[in-house]
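Encoded as structure tokens, the structure appears first; notes follow it.
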Amino acid sequence: MEQIKVTRSLGDSHVSDFKIKVNAILSNLNVPTRSDEAWRKFPINQIDMESILAKGVVVDKVEDRLSDQENKVVQQILATLLGSIKDDYFALLALSQATKYQFIYIDEKNQRDELLEIDFNLSGDQNQSLVNLVYVAPNCKQKLRETLGSLPIEGKSRFFNSLSFYFVSQNSFLDVLTTEDFDEDSTRVRFVCSHQESDSGLSIYPFFFRGFRGKTFYHSILKGNGSEYLLTGVSALSKREFLDIDAKVTHLRDFTTSRIQYKAIVSDRSHHVFTGNLSIPNSVKKANAHQESQNLSLNKKARAEANPKLEVMAEDVSCTHGATVGDISDEQLFYLLSRGLDLTESKSLLIAAFYEETVGKIPFSDTIKAEISEKIRTQALGI
């Protein structure tokens, strides 16, 4: 049998009918405003929606023949995705305006021991949208890295809207490392959606380094018994950067597990918001869920907010949450200074102690860990 490519772009024949469905739903929705709960912190009124909507609908002309099985999978994941984001305006807008639908197909024949990588660099002076669809067939394991970023264009602000969807089948496992490093004039909205079948595992490790304004949604649905979900990462913000993260996990089956453990470092006049949402209906039993948000402030004018939200209707479940916001301990700082270290060295060590625990546990190479650690350090210390 012919070897199936792991990654390809979906062309007109695969997405044109789907976009018609998307636009039909989108036409009945209004652009969100700050009166909407999910957008109350984000300055959405400052997004130039007129220029974004003027772009219209574009279909990638790339065409790549898919196998019968892949065609079935594409239709399945598009239908599943659409059902899960039918009320999310910007997720639908990304699906409508994306010039590229990138499809990653992983089964027992083409899963790889090495890291799969997807790079996207916002180029040119136009707003852009991107969609990544990842399917992991039953009984497979894979590591994936998504790298998103942009280079500055003097005097030009741009809008980037993206959506990634991970469909993890029965008894399969996917680790996703996402790094985002945008220019100081970029505004971005990102949806990271996932669907998990029974006994599957999905771990997402996001790291944010730069960018003017950002809003990120994590929507995870645990559809199969025994499925496990992990979201853990670090944001490092400086200057007047703003990032608003909204993470929601929905447990729909018994014996499911979710963990959200997120850290943020804010300096200068930056502002970070993390909202953790948990939903467990009364039909679910033996579910375990934990969410935790830890925030380190390096300047009195910087802001960090943690908002845990739990909608737990079931009784036979275990759910916990915690949140902290603080600055560098004067006592710890004095101790290091008294041992001969200068102020920068002392702050660097204390900041590293805050984020290295998270970086050190990600299941990726030491080279990648060192790269991420250095970027966090550079951003936090303003080097």
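Labels for the structure tokens follow display order: chains A, B, ..., residues from 1 in each chain, ligands from 1.
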
Exercise for the section: Do a neighbour search on A:Ser258 at 7 Å with only C-alpha atoms, toss out local chain neighbours closer than 2 positions, and write the hits as a list of chain:residue names. Expected result: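 Listed by chain and then number, they are A:Glu228, A:Tyr229, A:Leu230, A:Thr256, A:Ile260, A:Asn288, A:Ala289, A:His290.
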
Practice task
List every residue of stretch 83-144 of chain A that DSSP, applied to the backbone of this structure, places in strand (DSSP E), and write the result as a list in words.
Solution key: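 Reading the DSSP output for stretch 83-144 of chain A, strand (DSSP E) covers Tyr101, Gln102, Phe103, Ile104, Tyr105, Ile106, Leu116, Glu117, Ile118, Asp119, Phe120, Asn121, Leu122, Gln128, Ser129, Leu130, Val131, Asn132, Leu133, Val134, Tyr135, Val136, Lys141, Gln142, Lys143 and Leu144 of chain A.
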
Using only C-alpha atoms, which residues of stretch 150-226 of chain A come within 9 Å of stretch 68-92 of chain A, and what is the closest atom pair for each, with the distance in Å to one decimal? Give it as JSON lines, sorted by chain and residue number.
```
{"residue": "A:Asn161", "atom": "CA", "partner": "A:Phe90", "partner_atom": "CA", "distance": 7.4}
{"residue": "A:Ser162", "atom": "CA", "partner": "A:Ala91", "partner_atom": "CA", "distance": 7.6}
{"residue": "A:Leu163", "atom": "CA", "partner": "A:Ala91", "partner_atom": "CA", "distance": 6.5}
{"residue": "A:Phe165", "atom": "CA", "partner": "A:Leu81", "partner_atom": "CA", "distance": 7.2}
{"residue": "A:Tyr166", "atom": "CA", "partner": "A:Ile77", "partner_atom": "CA", "distance": 8.8}
{"residue": "A:Phe167", "atom": "CA", "partner": "A:Ile77", "partner_atom": "CA", "distance": 6.9}
{"residue": "A:Val189", "atom": "CA", "partner": "A:Phe90", "partner_atom": "CA", "distance": 7.3}
{"residue": "A:Arg190", "atom": "CA", "partner": "A:Ala91", "partner_atom": "CA", "distance": 7.7}
{"residue": "A:Phe191", "atom": "CA", "partner": "A:Ala91", "partner_atom": "CA", "distance": 6.2}
{"residue": "A:Cys193", "atom": "CA", "partner": "A:Leu81", "partner_atom": "CA", "distance": 7.7}
{"residue": "A:Ser194", "atom": "CA", "partner": "A:Leu81", "partner_atom": "CA", "distance": 8.3}
{"residue": "A:His195", "atom": "CA", "partner": "A:Thr80", "partner_atom": "CA", "distance": 8.1}
{"residue": "A:His219", "atom": "CA", "partner": "A:Ser84", "partner_atom": "CA", "distance": 8.4}
{"residue": "A:Ile221", "atom": "CA", "partner": "A:Ser84", "partner_atom": "CA", "distance": 8.6}
```

How would the residues just picked look written out with N, CA, C and O atoms as a short mmCIF file (atom, residue, chain, number, x, y, z; two decimals), in the first residue's frame?
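Produced file selection.cif, reproduced below:
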```
data_model
loop_
_atom_site.label_atom_id
_atom_site.label_comp_id
_atom_site.auth_asym_id
_atom_site.auth_seq_id
_atom_site.Cartn_x
_atom_site.Cartn_y
_atom_site.Cartn_z
N ASN A 161 -5.84 35.21 13.20
CA ASN A 161 -6.90 34.38 13.77
C ASN A 161 -6.60 32.93 13.42
O ASN A 161 -6.45 32.59 12.24
N SER A 162 -6.48 32.07 14.42
CA SER A 162 -6.09 30.69 14.14
C SER A 162 -6.92 29.71 14.95
O SER A 162 -7.46 30.04 16.01
N LEU A 163 -7.00 28.48 14.42
CA LEU A 163 -7.71 27.41 15.11
C LEU A 163 -6.95 26.11 14.92
O LEU A 163 -6.58 25.76 13.80
N PHE A 165 -7.30 21.95 15.95
CA PHE A 165 -8.23 20.95 16.46
C PHE A 165 -7.53 19.60 16.52
O PHE A 165 -6.97 19.14 15.52
N TYR A 166 -7.54 18.99 17.70
CA TYR A 166 -6.90 17.70 17.90
C TYR A 166 -7.98 16.64 18.18
O TYR A 166 -8.72 16.76 19.15
N PHE A 167 -8.03 15.64 17.33
CA PHE A 167 -8.96 14.53 17.51
C PHE A 167 -8.11 13.32 17.90
O PHE A 167 -7.36 12.80 17.08
N VAL A 189 -6.26 36.13 17.91
CA VAL A 189 -7.28 35.33 18.59
C VAL A 189 -7.02 33.89 18.18
O VAL A 189 -6.87 33.59 16.99
N ARG A 190 -6.99 33.00 19.15
CA ARG A 190 -6.66 31.62 18.86
C ARG A 190 -7.60 30.67 19.60
O ARG A 190 -7.91 30.88 20.78
N PHE A 191 -8.06 29.64 18.87
CA PHE A 191 -8.86 28.58 19.47
C PHE A 191 -8.08 27.28 19.39
O PHE A 191 -7.56 26.92 18.33
N CYS A 193 -8.97 23.51 20.17
CA CYS A 193 -10.09 22.63 20.50
C CYS A 193 -9.64 21.18 20.44
O CYS A 193 -8.75 20.83 19.65
N SER A 194 -10.25 20.32 21.25
CA SER A 194 -9.86 18.92 21.24
C SER A 194 -11.05 18.03 21.56
O SER A 194 -11.98 18.42 22.26
N HIS A 195 -10.97 16.81 21.03
CA HIS A 195 -11.98 15.78 21.23
C HIS A 195 -11.25 14.48 21.51
O HIS A 195 -10.38 14.08 20.74
N HIS A 219 -10.68 24.66 24.39
CA HIS A 219 -11.94 23.95 24.57
C HIS A 219 -11.66 22.46 24.44
O HIS A 219 -11.38 21.96 23.34
N ILE A 221 -12.98 18.50 25.12
CA ILE A 221 -14.12 17.64 25.40
C ILE A 221 -13.63 16.21 25.61
O ILE A 221 -13.02 15.61 24.71
#
```

Could you produce a table of the residues of stretch 111-217 of chain A lying within 9 Å of stretch 366-377 of chain A, with the nearest pair of atoms per residue and their separation in Å rounded to one decimal, using only C-alpha atoms, ordered by chain and increasing residue number, as CSV?
```
residue,atom,partner,partner_atom,distance
A:Thr179,CA,A:Ile372,CA,8.4
A:Phe207,CA,A:Ile372,CA,7.8
A:Phe208,CA,A:Ile376,CA,8.5
A:Phe209,CA,A:Ile376,CA,6.6
```

Could you please take those selected residues and save all heavy atoms as a PDB file, in the first residue's frame?
```pdb
ATOM      1  N   THR A 179       4.572  27.208  20.851  1.00  0.00           N
ATOM      2  CA  THR A 179       5.293  28.421  21.219  1.00  0.00           C
ATOM      3  C   THR A 179       4.778  29.563  20.350  1.00  0.00           C
ATOM      4  O   THR A 179       4.634  29.415  19.138  1.00  0.00           O
ATOM      5  CB  THR A 179       6.808  28.263  21.053  1.00  0.00           C
ATOM      6  OG1 THR A 179       7.116  27.821  19.722  1.00  0.00           O
ATOM      7  CG2 THR A 179       7.353  27.245  22.042  1.00  0.00           C
ATOM      8  N   PHE A 207       3.509  28.013  25.444  1.00  0.00           N
ATOM      9  CA  PHE A 207       4.433  29.011  25.976  1.00  0.00           C
ATOM     10  C   PHE A 207       4.309  30.276  25.131  1.00  0.00           C
ATOM     11  O   PHE A 207       4.483  30.237  23.915  1.00  0.00           O
ATOM     12  CB  PHE A 207       5.876  28.481  25.958  1.00  0.00           C
ATOM     13  CG  PHE A 207       6.096  27.337  26.907  1.00  0.00           C
ATOM     14  CD1 PHE A 207       5.901  26.032  26.494  1.00  0.00           C
ATOM     15  CD2 PHE A 207       6.470  27.567  28.223  1.00  0.00           C
ATOM     16  CE1 PHE A 207       6.079  24.963  27.358  1.00  0.00           C
ATOM     17  CE2 PHE A 207       6.644  26.509  29.110  1.00  0.00           C
ATOM     18  CZ  PHE A 207       6.449  25.202  28.676  1.00  0.00           C
ATOM     19  N   PHE A 208       4.000  31.394  25.805  1.00  0.00           N
ATOM     20  CA  PHE A 208       3.797  32.675  25.137  1.00  0.00           C
ATOM     21  C   PHE A 208       4.937  33.618  25.514  1.00  0.00           C
ATOM     22  O   PHE A 208       5.217  33.811  26.703  1.00  0.00           O
ATOM     23  CB  PHE A 208       2.460  33.289  25.565  1.00  0.00           C
ATOM     24  CG  PHE A 208       1.262  32.460  25.194  1.00  0.00           C
ATOM     25  CD1 PHE A 208       0.814  31.460  26.040  1.00  0.00           C
ATOM     26  CD2 PHE A 208       0.579  32.687  24.009  1.00  0.00           C
ATOM     27  CE1 PHE A 208      -0.296  30.706  25.715  1.00  0.00           C
ATOM     28  CE2 PHE A 208      -0.533  31.929  23.674  1.00  0.00           C
ATOM     29  CZ  PHE A 208      -0.967  30.934  24.522  1.00  0.00           C
ATOM     30  N   PHE A 209       5.527  34.241  24.502  1.00  0.00           N
ATOM     31  CA  PHE A 209       6.685  35.090  24.765  1.00  0.00           C
ATOM     32  C   PHE A 209       6.427  36.567  24.460  1.00  0.00           C
ATOM     33  O   PHE A 209       6.791  37.430  25.232  1.00  0.00           O
ATOM     34  CB  PHE A 209       7.890  34.601  23.963  1.00  0.00           C
ATOM     35  CG  PHE A 209       8.237  33.164  24.216  1.00  0.00           C
ATOM     36  CD1 PHE A 209       8.228  32.240  23.193  1.00  0.00           C
ATOM     37  CD2 PHE A 209       8.534  32.725  25.493  1.00  0.00           C
ATOM     38  CE1 PHE A 209       8.536  30.904  23.426  1.00  0.00           C
ATOM     39  CE2 PHE A 209       8.839  31.398  25.749  1.00  0.00           C
ATOM     40  CZ  PHE A 209       8.837  30.484  24.708  1.00  0.00           C
TER      41      PHE A 209
END
```

Within 7 Å of stretch 124-133 of chain A, which residues of stretch 3-118 of chain A show up? Give each one with its shortest atom-to-atom distance in Å (one decimal) and the two atoms involved, counting only C-alpha atoms, rows by chain then rising residue number, as a Markdown table.
```
| residue | atom | partner | partner_atom | distance |
| --- | --- | --- | --- | --- |
| A:Ile52 | CA | A:Asn127 | CA | 6.9 |
| A:Ala94 | CA | A:Ser129 | CA | 5.5 |
| A:Leu95 | CA | A:Val131 | CA | 6.7 |
| A:Gln97 | CA | A:Ser129 | CA | 6.1 |
| A:Ala98 | CA | A:Ser129 | CA | 4.5 |
| A:Thr99 | CA | A:Ser129 | CA | 6.6 |
| A:Lys100 | CA | A:Leu130 | CA | 5.8 |
| A:Tyr101 | CA | A:Val131 | CA | 4.9 |
| A:Gln102 | CA | A:Asn132 | CA | 4.8 |
| A:Phe103 | CA | A:Leu133 | CA | 4.8 |
| A:Ile104 | CA | A:Leu133 | CA | 6.1 |
```

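Here atom CA of A:Lys141 and atom CA of A:His251 stand 22.3 Å from one another.
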
Problem - Residue neighbourhood A:Ser346, 12 Å, only C-alpha atoms, exclusion window fewer than 3 positions, as a list in words - result: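 Counting only C-alpha atoms, the residues come to Ile328, Ser329, Asp330, Glu331, Gln332, Leu333, Phe334, Tyr335, Leu336, Leu337, Ser338, Arg339, Gly340, Leu341, Asp342, Leu343, Leu349, Leu350, Ile351, Ala352, Ala353 and Leu381 of chain A.
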